[in-house]
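J.: Dumping the structure here so I can ask a few things about it.
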Amino acid sequence: MQITARDERLFEWLREVRLADAEALRWALAAADGRSEPVTARRAQQWIARGVEAGVIEKARPIFRDGSVVWLSHAMSGRAAPNLFRATTRHEVAVSAISARFMAAGYAWSRDRQPASTREHAADGIARRGERVERVEVELTAKTLARYQSILLGHARWLTEGVERVVYVGTAAAMRAVSREADKWVHPAVRDRLVTVAALDERGHIEGSLDALWASSTNDLTAGQVVEEQTMEAPPTLPAPTLPVWGGRD
C-alpha cells in the first residue's frame with residue numbers, strides 16, 4: 001500500500017517535533033484524519049510498527065518513559081538519531097504531546113523562528129487556527145527569575161503585535177513561577193492573555209485536563225479559557241516527498 005496523505009502529514013509533524021510517544025501519536029493520527037478524539041492505542045502501535053518495518057520510523061524506550069518514543073529515520077529526516085540521554089529529551093517529548101492536542105483541536109502547529117540574537121526567545125511552538133496565532137510554551141521546571149524577565153517581556157511585546165495568546169503548559173510548580181513573574185513583568189492590559197495550565201508531571205506526562213484551552217467563553221480570557229470558538233479547519237495538504245511503498249493495513 002502506498003503511503004497515504006495522512007501518513008505524510010504525520011511525517012511532517014514529526015519533522016517539526018522530532019520526538020513523540022505513542023500517546024501523542026494517538027492524538028496526531030486523529031488530527032491528521034480531521035478528528036478531535038484520539039485513535040486507539042492499538043492503532044497508534046500499528047502505525048508505529050508499519051513505520052519501523054518500512055524503515056521510515058525508528059523507536060527506542062528511554063528510562064524516563066513508560067513506553068517507547070519514536071522519530072523519523074535518517075532516510076526521512078536527514079538527521080542522525082536523537083541522543084535520548086540529553087537533558088532536553090523529556091521536554092521535546094512533552095512538546096510533541098501538547099502539539100498533538102492543539103492539532104486535534106483544529107490548530108496547525110509549527111516551530112517558532114530561530115531567534116536573531118541570544119537576547120530573544122523562541123517559543124516551543126506556534127499554534128494557528130484561521131487568523132488566530134498563539135505562542136505555546138511547555139515548562140517542566142522553573143527558570144531563573146532573570147530569565148523570566150527577558151522572556152515575559154518578549155511575550156508581552158508579541159501580545160501587542162497580533163498574537164492572540166501565550167499559553168504555558170507545565171508542572172504545577174513551574175506554572176506558579178510563571179504566573180508570579182508574569183504578574184510582575186506583563187502589562188495588565190495584556191496579562192489575562194498569558195495563560196498558565198498546570199497539566200504535566202515532572203516526567204512530561206499529561207496528567208491534568210486541557211479541555212479549558214479549547215473552551216468557548218464570552219467572558220474575558222482567564223487562565224485556561226479561550227475567548228472565541230472558531231470553525232475547525234482540515235489540516236493543510238502537504239507536498240508529497242518521494243517515499244517508499246509501505247505495506248500494511250491503513
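So you can find residues: chains in the C-alpha cells are A, B, ... in the order shown, residues in each start at 1, and ligands are numbered from 1 in order.
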Do a neighbour search on Arg135 (chain A) at 8 Å with only C-alpha atoms, toss out local chain neighbours closer than 3 positions, and write the hits as a ChimeraX atom specification.
T.: /A:123-127,163,165-167
J.: Next, the residues of the selection above should be written as a PDB file, in the first residue's frame with all heavy atoms.
T.:
```
ATOM      1  N   ALA A 123       9.617  30.443  21.173  1.00  0.00           N
ATOM      2  CA  ALA A 123       8.607  29.632  21.851  1.00  0.00           C
ATOM      3  C   ALA A 123       8.786  28.170  21.458  1.00  0.00           C
ATOM      4  O   ALA A 123       9.451  27.843  20.481  1.00  0.00           O
ATOM      5  CB  ALA A 123       7.205  30.117  21.480  1.00  0.00           C
ATOM      6  N   ASP A 124       8.187  27.276  22.230  1.00  0.00           N
ATOM      7  CA  ASP A 124       8.265  25.845  21.901  1.00  0.00           C
ATOM      8  C   ASP A 124       7.438  25.501  20.676  1.00  0.00           C
ATOM      9  O   ASP A 124       7.696  24.481  20.025  1.00  0.00           O
ATOM     10  CB  ASP A 124       7.815  25.009  23.100  1.00  0.00           C
ATOM     11  CG  ASP A 124       8.816  25.070  24.236  1.00  0.00           C
ATOM     12  OD1 ASP A 124      10.022  25.043  23.960  1.00  0.00           O
ATOM     13  OD2 ASP A 124       8.382  25.156  25.402  1.00  0.00           O
ATOM     14  N   GLY A 125       6.463  26.320  20.361  1.00  0.00           N
ATOM     15  CA  GLY A 125       5.671  26.080  19.159  1.00  0.00           C
ATOM     16  C   GLY A 125       4.736  27.235  18.885  1.00  0.00           C
ATOM     17  O   GLY A 125       4.450  28.056  19.769  1.00  0.00           O
ATOM     18  N   ILE A 126       4.288  27.305  17.634  1.00  0.00           N
ATOM     19  CA  ILE A 126       3.298  28.296  17.223  1.00  0.00           C
ATOM     20  C   ILE A 126       2.055  27.534  16.775  1.00  0.00           C
ATOM     21  O   ILE A 126       2.129  26.666  15.904  1.00  0.00           O
ATOM     22  CB  ILE A 126       3.807  29.172  16.063  1.00  0.00           C
ATOM     23  CG1 ILE A 126       5.137  29.837  16.433  1.00  0.00           C
ATOM     24  CG2 ILE A 126       2.760  30.213  15.682  1.00  0.00           C
ATOM     25  CD1 ILE A 126       5.042  30.813  17.590  1.00  0.00           C
ATOM     26  N   ALA A 127       0.937  27.843  17.384  1.00  0.00           N
ATOM     27  CA  ALA A 127      -0.340  27.208  17.038  1.00  0.00           C
ATOM     28  C   ALA A 127      -1.206  28.220  16.302  1.00  0.00           C
ATOM     29  O   ALA A 127      -1.377  29.356  16.765  1.00  0.00           O
ATOM     30  CB  ALA A 127      -1.050  26.720  18.303  1.00  0.00           C
ATOM     31  N   VAL A 163      -0.373  38.465  18.262  1.00  0.00           N
ATOM     32  CA  VAL A 163      -0.514  37.157  18.896  1.00  0.00           C
ATOM     33  C   VAL A 163      -1.713  37.191  19.833  1.00  0.00           C
ATOM     34  O   VAL A 163      -1.838  38.092  20.671  1.00  0.00           O
ATOM     35  CB  VAL A 163       0.773  36.771  19.661  1.00  0.00           C
ATOM     36  CG1 VAL A 163       0.545  35.514  20.499  1.00  0.00           C
ATOM     37  CG2 VAL A 163       1.918  36.559  18.686  1.00  0.00           C
ATOM     38  N   ARG A 165      -2.769  34.747  22.106  1.00  0.00           N
ATOM     39  CA  ARG A 165      -2.471  34.259  23.453  1.00  0.00           C
ATOM     40  C   ARG A 165      -1.051  33.750  23.514  1.00  0.00           C
ATOM     41  O   ARG A 165      -0.481  33.305  22.514  1.00  0.00           O
ATOM     42  CB  ARG A 165      -3.382  33.089  23.844  1.00  0.00           C
ATOM     43  CG  ARG A 165      -4.821  33.380  24.050  1.00  0.00           C
ATOM     44  CD  ARG A 165      -5.524  32.186  24.707  1.00  0.00           C
ATOM     45  NE  ARG A 165      -5.352  30.927  23.993  1.00  0.00           N
ATOM     46  CZ  ARG A 165      -5.805  29.749  24.414  1.00  0.00           C
ATOM     47  NH1 ARG A 165      -6.449  29.665  25.564  1.00  0.00           N
ATOM     48  NH2 ARG A 165      -5.630  28.657  23.702  1.00  0.00           N
ATOM     49  N   VAL A 166      -0.490  33.766  24.696  1.00  0.00           N
ATOM     50  CA  VAL A 166       0.691  32.983  25.031  1.00  0.00           C
ATOM     51  C   VAL A 166       0.234  31.945  26.040  1.00  0.00           C
ATOM     52  O   VAL A 166      -0.301  32.289  27.104  1.00  0.00           O
ATOM     53  CB  VAL A 166       1.815  33.852  25.626  1.00  0.00           C
ATOM     54  CG1 VAL A 166       2.963  32.971  26.115  1.00  0.00           C
ATOM     55  CG2 VAL A 166       2.310  34.863  24.594  1.00  0.00           C
ATOM     56  N   VAL A 167       0.404  30.665  25.697  1.00  0.00           N
ATOM     57  CA  VAL A 167      -0.093  29.574  26.530  1.00  0.00           C
ATOM     58  C   VAL A 167       1.085  28.821  27.123  1.00  0.00           C
ATOM     59  O   VAL A 167       1.942  28.317  26.391  1.00  0.00           O
ATOM     60  CB  VAL A 167      -0.971  28.597  25.707  1.00  0.00           C
ATOM     61  CG1 VAL A 167      -1.416  27.427  26.571  1.00  0.00           C
ATOM     62  CG2 VAL A 167      -2.172  29.321  25.123  1.00  0.00           C
TER      63      VAL A 167
END
```
J.: Which residues of region 107-144 of chain A sit at most 12 Å from region 199-215 of chain A, using only C-alpha atoms? Give each one's shortest atom pair and distance in Å (one decimal place), in chain and ascending residue order, as JSON lines.
T.:
```
{"residue": "A:Tyr107", "atom": "CA", "partner": "A:Trp214", "partner_atom": "CA", "distance": 10.4}
{"residue": "A:Arg129", "atom": "CA", "partner": "A:Trp214", "partner_atom": "CA", "distance": 11.4}
{"residue": "A:Glu134", "atom": "CA", "partner": "A:Leu213", "partner_atom": "CA", "distance": 11.4}
{"residue": "A:Val136", "atom": "CA", "partner": "A:Leu213", "partner_atom": "CA", "distance": 11.5}
{"residue": "A:Val138", "atom": "CA", "partner": "A:Leu200", "partner_atom": "CA", "distance": 9.0}
{"residue": "A:Glu139", "atom": "CA", "partner": "A:Leu200", "partner_atom": "CA", "distance": 8.6}
{"residue": "A:Leu140", "atom": "CA", "partner": "A:Glu202", "partner_atom": "CA", "distance": 6.0}
{"residue": "A:Thr141", "atom": "CA", "partner": "A:Glu202", "partner_atom": "CA", "distance": 7.8}
{"residue": "A:Ala142", "atom": "CA", "partner": "A:Glu202", "partner_atom": "CA", "distance": 11.2}
```
J.: Keeping N, CA and C atoms, export the residues of the selection given above as a compact mmCIF listing (two decimals), in the first residue's frame.
T.:
```
# COMPACT_ATOMS: atom_id res chain seq x y z
N TYR A 107 -5.94 23.20 15.32
CA TYR A 107 -4.84 24.13 15.07
C TYR A 107 -3.80 23.49 14.14
N ARG A 129 -4.98 28.81 14.14
CA ARG A 129 -6.30 28.35 13.71
C ARG A 129 -6.99 29.53 13.05
N GLU A 134 -1.17 31.68 18.32
CA GLU A 134 -0.84 31.51 19.74
C GLU A 134 0.57 30.98 19.86
N VAL A 136 3.13 28.93 22.20
CA VAL A 136 2.94 27.88 23.22
C VAL A 136 4.29 27.54 23.84
N VAL A 138 6.11 24.96 26.86
CA VAL A 138 5.99 23.79 27.73
C VAL A 138 7.08 23.89 28.78
N GLU A 139 6.69 23.87 30.05
CA GLU A 139 7.61 24.16 31.14
C GLU A 139 7.56 23.05 32.18
N LEU A 140 8.65 22.27 32.26
CA LEU A 140 8.72 21.20 33.27
C LEU A 140 9.39 21.65 34.56
N THR A 141 10.30 22.59 34.45
CA THR A 141 10.97 23.16 35.62
C THR A 141 11.02 24.67 35.48
N ALA A 142 11.01 25.36 36.59
CA ALA A 142 11.03 26.82 36.57
C ALA A 142 12.41 27.33 36.15
```
J.: Name the residues in contact with region 37-41 of chain A at a cut-off of 10 Å, using only C-alpha atoms, excluding same-chain residues fewer than 3 positions from it; report them as an mmCIF file with all heavy atoms, in the first residue's frame.
T.:
```
data_model
loop_
_atom_site.group_PDB
_atom_site.id
_atom_site.type_symbol
_atom_site.label_atom_id
_atom_site.label_comp_id
_atom_site.auth_asym_id
_atom_site.auth_seq_id
_atom_site.Cartn_x
_atom_site.Cartn_y
_atom_site.Cartn_z
ATOM 1 N N ALA A 22 3.742 7.192 21.946
ATOM 2 C CA ALA A 22 2.534 6.613 21.356
ATOM 3 C C ALA A 22 1.291 7.397 21.733
ATOM 4 O O ALA A 22 0.353 7.508 20.940
ATOM 5 C CB ALA A 22 2.397 5.151 21.784
ATOM 6 N N GLU A 23 1.258 7.958 22.933
ATOM 7 C CA GLU A 23 0.079 8.720 23.348
ATOM 8 C C GLU A 23 -0.077 9.973 22.488
ATOM 9 O O GLU A 23 -1.189 10.308 22.057
ATOM 10 C CB GLU A 23 0.200 9.104 24.829
ATOM 11 C CG GLU A 23 -0.991 9.855 25.381
ATOM 12 C CD GLU A 23 -2.287 9.053 25.385
ATOM 13 O OE1 GLU A 23 -2.240 7.810 25.284
ATOM 14 O OE2 GLU A 23 -3.362 9.676 25.483
ATOM 15 N N ALA A 24 1.025 10.676 22.220
ATOM 16 C CA ALA A 24 0.948 11.841 21.336
ATOM 17 C C ALA A 24 0.505 11.429 19.942
ATOM 18 O O ALA A 24 -0.281 12.130 19.290
ATOM 19 C CB ALA A 24 2.301 12.545 21.286
ATOM 20 N N LEU A 25 0.979 10.275 19.477
ATOM 21 C CA LEU A 25 0.594 9.801 18.152
ATOM 22 C C LEU A 25 -0.891 9.479 18.065
ATOM 23 O O LEU A 25 -1.501 9.632 17.003
ATOM 24 C CB LEU A 25 1.416 8.576 17.773
ATOM 25 C CG LEU A 25 2.809 8.879 17.210
ATOM 26 C CD1 LEU A 25 3.662 7.625 17.201
ATOM 27 C CD2 LEU A 25 2.704 9.468 15.810
ATOM 28 N N ARG A 26 -1.485 9.039 19.154
ATOM 29 C CA ARG A 26 -2.932 8.788 19.144
ATOM 30 C C ARG A 26 -3.688 10.060 18.754
ATOM 31 O O ARG A 26 -4.634 10.023 17.975
ATOM 32 C CB ARG A 26 -3.400 8.311 20.516
ATOM 33 C CG ARG A 26 -2.928 6.927 20.925
ATOM 34 C CD ARG A 26 -3.484 6.576 22.302
ATOM 35 N NE ARG A 26 -4.942 6.544 22.265
ATOM 36 C CZ ARG A 26 -5.718 6.737 23.333
ATOM 37 N NH1 ARG A 26 -5.162 6.997 24.519
ATOM 38 N NH2 ARG A 26 -7.033 6.684 23.211
ATOM 39 N N TRP A 27 -3.275 11.196 19.306
ATOM 40 C CA TRP A 27 -3.933 12.468 19.023
ATOM 41 C C TRP A 27 -3.522 13.010 17.660
ATOM 42 O O TRP A 27 -4.349 13.576 16.940
ATOM 43 C CB TRP A 27 -3.601 13.473 20.118
ATOM 44 C CG TRP A 27 -4.235 13.137 21.429
ATOM 45 C CD1 TRP A 27 -3.720 12.346 22.416
ATOM 46 C CD2 TRP A 27 -5.517 13.555 21.899
ATOM 47 N NE1 TRP A 27 -4.590 12.254 23.469
ATOM 48 C CE2 TRP A 27 -5.698 12.990 23.186
ATOM 49 C CE3 TRP A 27 -6.516 14.362 21.370
ATOM 50 C CZ2 TRP A 27 -6.843 13.208 23.938
ATOM 51 C CZ3 TRP A 27 -7.671 14.589 22.119
ATOM 52 C CH2 TRP A 27 -7.822 14.009 23.391
ATOM 53 N N ALA A 28 -2.251 12.843 17.287
ATOM 54 C CA ALA A 28 -1.784 13.347 15.998
ATOM 55 C C ALA A 28 -2.436 12.580 14.847
ATOM 56 O O ALA A 28 -2.785 13.168 13.812
ATOM 57 C CB ALA A 28 -0.271 13.247 15.912
ATOM 58 N N LEU A 29 -2.596 11.264 15.002
ATOM 59 C CA LEU A 29 -3.280 10.476 13.975
ATOM 60 C C LEU A 29 -4.728 10.923 13.818
ATOM 61 O O LEU A 29 -5.240 11.023 12.696
ATOM 62 C CB LEU A 29 -3.224 8.995 14.339
ATOM 63 C CG LEU A 29 -1.914 8.273 14.036
ATOM 64 C CD1 LEU A 29 -1.832 6.954 14.802
ATOM 65 C CD2 LEU A 29 -1.775 8.035 12.538
ATOM 66 N N ALA A 30 -5.383 11.206 14.931
ATOM 67 C CA ALA A 30 -6.758 11.702 14.861
ATOM 68 C C ALA A 30 -6.802 13.044 14.142
ATOM 69 O O ALA A 30 -7.655 13.275 13.274
ATOM 70 C CB ALA A 30 -7.338 11.829 16.268
ATOM 71 N N ALA A 31 -5.874 13.941 14.495
ATOM 72 C CA ALA A 31 -5.845 15.263 13.859
ATOM 73 C C ALA A 31 -5.606 15.148 12.362
ATOM 74 O O ALA A 31 -6.202 15.884 11.563
ATOM 75 C CB ALA A 31 -4.758 16.119 14.505
ATOM 76 N N ASP A 33 -6.605 12.909 10.485
ATOM 77 C CA ASP A 33 -7.860 12.455 9.879
ATOM 78 C C ASP A 33 -8.977 13.474 10.050
ATOM 79 O O ASP A 33 -10.126 13.211 9.706
ATOM 80 C CB ASP A 33 -8.296 11.125 10.494
ATOM 81 C CG ASP A 33 -7.519 9.944 9.939
ATOM 82 O OD1 ASP A 33 -6.988 10.071 8.817
ATOM 83 O OD2 ASP A 33 -7.436 8.904 10.619
ATOM 84 N N GLY A 34 -8.662 14.631 10.656
ATOM 85 C CA GLY A 34 -9.671 15.659 10.857
ATOM 86 C C GLY A 34 -10.595 15.389 12.018
ATOM 87 O O GLY A 34 -11.706 15.933 12.056
ATOM 88 N N ALA A 44 -2.383 3.280 17.112
ATOM 89 C CA ALA A 44 -1.125 4.021 17.137
ATOM 90 C C ALA A 44 0.064 3.063 17.091
ATOM 91 O O ALA A 44 1.051 3.314 16.373
ATOM 92 C CB ALA A 44 -1.063 4.892 18.389
ATOM 93 N N GLN A 45 -0.020 1.958 17.834
ATOM 94 C CA GLN A 45 1.066 0.979 17.829
ATOM 95 C C GLN A 45 1.208 0.319 16.459
ATOM 96 O O GLN A 45 2.324 0.040 16.010
ATOM 97 C CB GLN A 45 0.833 -0.070 18.915
ATOM 98 C CG GLN A 45 0.947 0.449 20.344
ATOM 99 C CD GLN A 45 2.360 0.898 20.703
ATOM 100 O OE1 GLN A 45 3.319 0.602 20.000
ATOM 101 N NE2 GLN A 45 2.482 1.608 21.817
ATOM 102 N N GLN A 46 0.090 0.076 15.795
ATOM 103 C CA GLN A 46 0.141 -0.496 14.448
ATOM 104 C C GLN A 46 0.819 0.469 13.479
ATOM 105 O O GLN A 46 1.601 0.057 12.620
ATOM 106 C CB GLN A 46 -1.265 -0.839 13.970
ATOM 107 C CG GLN A 46 -1.888 -2.039 14.659
ATOM 108 C CD GLN A 46 -3.337 -2.241 14.260
ATOM 109 O OE1 GLN A 46 -4.043 -1.304 13.840
ATOM 110 N NE2 GLN A 46 -3.816 -3.478 14.385
ATOM 111 N N TRP A 47 0.516 1.754 13.609
ATOM 112 C CA TRP A 47 1.137 2.753 12.743
ATOM 113 C C TRP A 47 2.651 2.783 12.968
ATOM 114 O O TRP A 47 3.429 2.844 12.022
ATOM 115 C CB TRP A 47 0.520 4.114 13.005
ATOM 116 C CG TRP A 47 0.913 5.162 12.013
ATOM 117 C CD1 TRP A 47 0.273 5.452 10.839
ATOM 118 C CD2 TRP A 47 2.032 6.048 12.084
ATOM 119 N NE1 TRP A 47 0.924 6.472 10.181
ATOM 120 C CE2 TRP A 47 2.005 6.853 10.921
ATOM 121 C CE3 TRP A 47 3.044 6.245 13.012
ATOM 122 C CZ2 TRP A 47 2.962 7.843 10.672
ATOM 123 C CZ3 TRP A 47 4.008 7.224 12.766
ATOM 124 C CH2 TRP A 47 3.953 8.008 11.610
ATOM 125 N N ALA A 100 0.246 17.808 19.669
ATOM 126 C CA ALA A 100 -0.768 16.896 19.133
ATOM 127 C C ALA A 100 -2.160 17.269 19.636
ATOM 128 O O ALA A 100 -3.156 17.154 18.901
ATOM 129 C CB ALA A 100 -0.431 15.460 19.515
ATOM 130 N N ARG A 101 -2.257 17.718 20.887
ATOM 131 C CA ARG A 101 -3.557 18.137 21.425
ATOM 132 C C ARG A 101 -4.054 19.394 20.716
ATOM 133 O O ARG A 101 -5.256 19.513 20.424
ATOM 134 C CB ARG A 101 -3.455 18.385 22.929
ATOM 135 C CG ARG A 101 -3.110 17.165 23.758
ATOM 136 C CD ARG A 101 -4.188 16.099 23.671
ATOM 137 N NE ARG A 101 -3.912 15.006 24.566
ATOM 138 C CZ ARG A 101 -4.358 14.905 25.821
ATOM 139 N NH1 ARG A 101 -5.131 15.856 26.318
ATOM 140 N NH2 ARG A 101 -4.054 13.875 26.560
ATOM 141 N N ALA A 104 -5.356 18.328 17.323
ATOM 142 C CA ALA A 104 -6.663 17.670 17.404
ATOM 143 C C ALA A 104 -7.781 18.670 17.676
ATOM 144 O O ALA A 104 -8.944 18.395 17.383
ATOM 145 C CB ALA A 104 -6.642 16.589 18.486
ATOM 146 N N ALA A 105 -7.425 19.829 18.231
ATOM 147 C CA ALA A 105 -8.414 20.884 18.462
ATOM 148 C C ALA A 105 -8.572 21.798 17.250
ATOM 149 O O ALA A 105 -9.262 22.813 17.327
ATOM 150 C CB ALA A 105 -8.018 21.708 19.688
#
```
J.: For each of A:Val190, A:Leu84, A:Ala182, A:Ile151, take the minimum atom-to-atom distance to Ile63 (chain A), counting only C-alpha atoms, then give the residue where this is smallest.
T.: A:Leu84
J.: Can you pull out the residues contacting Leu19 (chain A)? Cut-off 7 Å, using only C-alpha atoms, and skip same-chain residues under 4 positions away; I want them as a PDB file with C-alpha atoms, in the first residue's frame.
T.:
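For reference, result_19.pdb as written:
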```
ATOM      1  CA  LEU A  14       7.452  14.515  13.294  1.00  0.00           C
ATOM      2  CA  VAL A  69       9.420   7.187  21.779  1.00  0.00           C
ATOM      3  CA  VAL A  70       9.670   7.408  18.008  1.00  0.00           C
ATOM      4  CA  TRP A  71      11.330   9.642  15.452  1.00  0.00           C
ATOM      5  CA  GLU A  92      10.879  17.519  23.490  1.00  0.00           C
ATOM      6  CA  VAL A  93       8.530  14.591  24.086  1.00  0.00           C
ATOM      7  CA  SER A  96       5.048  16.841  20.961  1.00  0.00           C
TER       8      SER A  96
END
```
J.: Can you list, as an NGL selection string, every residue of region 99-236 of chain A that DSSP puts in strand (DSSP E or B)?
T.: :A and (108-110 or 125-129 or 132-139 or 165-170 or 194-198 or 200 or 206 or 216 or 226)
J.: For those residues, write C-alpha atoms to a file as a PDB file, in the first residue's frame.
T.:
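Once written, again_29.pdb looks like this:
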```
ATOM      1  CA  ALA A 108      -1.870  23.907  12.717  1.00  0.00           C
ATOM      2  CA  TRP A 109       1.457  23.544  14.559  1.00  0.00           C
ATOM      3  CA  SER A 110       4.888  24.817  13.595  1.00  0.00           C
ATOM      4  CA  GLY A 125       5.671  26.080  19.159  1.00  0.00           C
ATOM      5  CA  ILE A 126       3.298  28.296  17.223  1.00  0.00           C
ATOM      6  CA  ALA A 127      -0.340  27.208  17.038  1.00  0.00           C
ATOM      7  CA  ARG A 128      -2.585  28.698  14.334  1.00  0.00           C
ATOM      8  CA  ARG A 129      -6.298  28.351  13.714  1.00  0.00           C
ATOM      9  CA  ARG A 132      -5.659  33.209  15.374  1.00  0.00           C
ATOM     10  CA  VAL A 133      -1.990  32.856  16.360  1.00  0.00           C
ATOM     11  CA  GLU A 134      -0.842  31.515  19.735  1.00  0.00           C
ATOM     12  CA  ARG A 135       2.643  31.037  21.114  1.00  0.00           C
ATOM     13  CA  VAL A 136       2.941  27.885  23.218  1.00  0.00           C
ATOM     14  CA  GLU A 137       5.496  27.112  25.924  1.00  0.00           C
ATOM     15  CA  VAL A 138       5.990  23.794  27.727  1.00  0.00           C
ATOM     16  CA  GLU A 139       7.613  24.162  31.135  1.00  0.00           C
ATOM     17  CA  ARG A 165      -2.471  34.259  23.453  1.00  0.00           C
ATOM     18  CA  VAL A 166       0.691  32.983  25.031  1.00  0.00           C
ATOM     19  CA  VAL A 167      -0.093  29.574  26.530  1.00  0.00           C
ATOM     20  CA  TYR A 168       2.123  27.939  29.157  1.00  0.00           C
ATOM     21  CA  VAL A 169       1.519  24.276  29.953  1.00  0.00           C
ATOM     22  CA  GLY A 170       3.662  22.609  32.591  1.00  0.00           C
ATOM     23  CA  LEU A 194      -0.933  34.925  29.042  1.00  0.00           C
ATOM     24  CA  VAL A 195      -2.458  31.630  30.151  1.00  0.00           C
ATOM     25  CA  THR A 196      -0.936  29.062  32.502  1.00  0.00           C
ATOM     26  CA  VAL A 197      -2.227  25.483  32.707  1.00  0.00           C
ATOM     27  CA  ALA A 198      -0.793  23.043  35.278  1.00  0.00           C
ATOM     28  CA  LEU A 200       2.104  17.968  33.325  1.00  0.00           C
ATOM     29  CA  ILE A 206      -0.094  14.927  30.684  1.00  0.00           C
ATOM     30  CA  SER A 216     -15.699  28.744  24.354  1.00  0.00           C
ATOM     31  CA  VAL A 226     -10.454  30.800  25.145  1.00  0.00           C
TER      32      VAL A 226
END
```
J.: Rounded to one decimal place, report the CA of His187 (chain A)-CA of Tyr148 (chain A) distance in Å.
T.: 14.3 Å
J.: CA of Leu159 (chain A) and CA of Ser36 (chain A) are how many Å apart?
T.: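 According to the coordinates, CA of Leu159 (chain A) and CA of Ser36 (chain A) are separated by 27.5 Å.
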J.: Among the residues of region 84-139 of chain A, find those DSSP assigns to helix (DSSP H, G or I) from the backbone and print them as a ChimeraX atom specification.
T.: /A:89-104
J.: Got time to write the residues from that selection, N, CA, C and O atoms, as a compact mmCIF listing (two decimals), in the first residue's frame?
T.:
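Output contents, as saved in again13.txt:
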```txt
# COMPACT_ATOMS: atom_id res chain seq x y z
N THR A 89 15.49 15.89 26.32
CA THR A 89 14.64 14.89 25.67
C THR A 89 13.25 14.84 26.29
O THR A 89 12.24 14.78 25.58
N ARG A 90 13.15 14.87 27.60
CA ARG A 90 11.84 14.87 28.27
C ARG A 90 11.00 16.03 27.77
O ARG A 90 9.80 15.90 27.51
N HIS A 91 11.65 17.19 27.64
CA HIS A 91 10.95 18.39 27.20
C HIS A 91 10.45 18.24 25.77
O HIS A 91 9.31 18.59 25.46
N GLU A 92 11.28 17.69 24.89
CA GLU A 92 10.88 17.52 23.49
C GLU A 92 9.67 16.60 23.37
O GLU A 92 8.75 16.87 22.58
N VAL A 93 9.66 15.52 24.14
CA VAL A 93 8.53 14.59 24.09
C VAL A 93 7.26 15.27 24.62
O VAL A 93 6.16 15.09 24.09
N ALA A 94 7.42 16.08 25.68
CA ALA A 94 6.27 16.79 26.23
C ALA A 94 5.73 17.81 25.23
O ALA A 94 4.51 17.97 25.11
N VAL A 95 6.61 18.48 24.51
CA VAL A 95 6.16 19.45 23.50
C VAL A 95 5.35 18.74 22.42
O VAL A 95 4.30 19.24 21.97
N SER A 96 5.80 17.57 21.99
CA SER A 96 5.05 16.84 20.96
C SER A 96 3.67 16.45 21.47
O SER A 96 2.69 16.47 20.71
N ALA A 97 3.56 16.09 22.75
CA ALA A 97 2.26 15.73 23.32
C ALA A 97 1.30 16.91 23.30
O ALA A 97 0.12 16.78 22.94
N ILE A 98 1.81 18.09 23.68
CA ILE A 98 0.96 19.28 23.68
C ILE A 98 0.61 19.70 22.26
O ILE A 98 -0.53 20.08 21.96
N SER A 99 1.57 19.60 21.35
CA SER A 99 1.29 19.99 19.96
C SER A 99 0.21 19.11 19.35
O SER A 99 -0.66 19.59 18.62
N ALA A 100 0.25 17.81 19.67
CA ALA A 100 -0.77 16.90 19.13
C ALA A 100 -2.16 17.27 19.64
O ALA A 100 -3.16 17.15 18.90
N ARG A 101 -2.26 17.72 20.89
CA ARG A 101 -3.56 18.14 21.42
C ARG A 101 -4.05 19.39 20.72
O ARG A 101 -5.26 19.51 20.42
N PHE A 102 -3.15 20.33 20.46
CA PHE A 102 -3.56 21.52 19.71
C PHE A 102 -4.05 21.14 18.32
O PHE A 102 -5.05 21.66 17.83
N MET A 103 -3.34 20.23 17.67
CA MET A 103 -3.73 19.83 16.32
C MET A 103 -5.10 19.17 16.32
O MET A 103 -5.93 19.41 15.44
N ALA A 104 -5.36 18.33 17.32
CA ALA A 104 -6.66 17.67 17.40
C ALA A 104 -7.78 18.67 17.68
O ALA A 104 -8.94 18.40 17.38
```
J.: Figure out the distance between CA of Gln114 (chain A) and CA of Gly130 (chain A), please, to one decimal in Å.
T.: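 About the pair CA of Gly130 (chain A) and CA of Gln114 (chain A): they are 23.1 Å apart.
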J.: May I have the residues within 12 Å of Gln149 (chain A) as a list in words, using only C-alpha atoms and disregarding those fewer than 5 positions away in the same chain?
T.: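 Those residues are Arg119, Glu120, His121, Lys143, Thr144, Gly154, His155, Ala156, Ala177, Val178, Ser179, Arg180, Glu181, Ala182, Asp183, Lys184, Trp185 and Val186 of chain A.
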J.: For Trp13 (chain A), which of A:Arg111, A:Arg147, A:Arg157, A:Arg43 is the closest residue, counting only C-alpha atoms?
T.: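 Under the stated criterion, the closest residue is A:Arg111.
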J.: Could you check the closest approach to Val17 (chain A) for each of A:Ala81, A:Ala122, A:Leu72, A:Leu152 and tell me which residue wins, using only C-alpha atoms?
T.: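 Selected residue with least distance to Val17 (chain A): A:Leu72.
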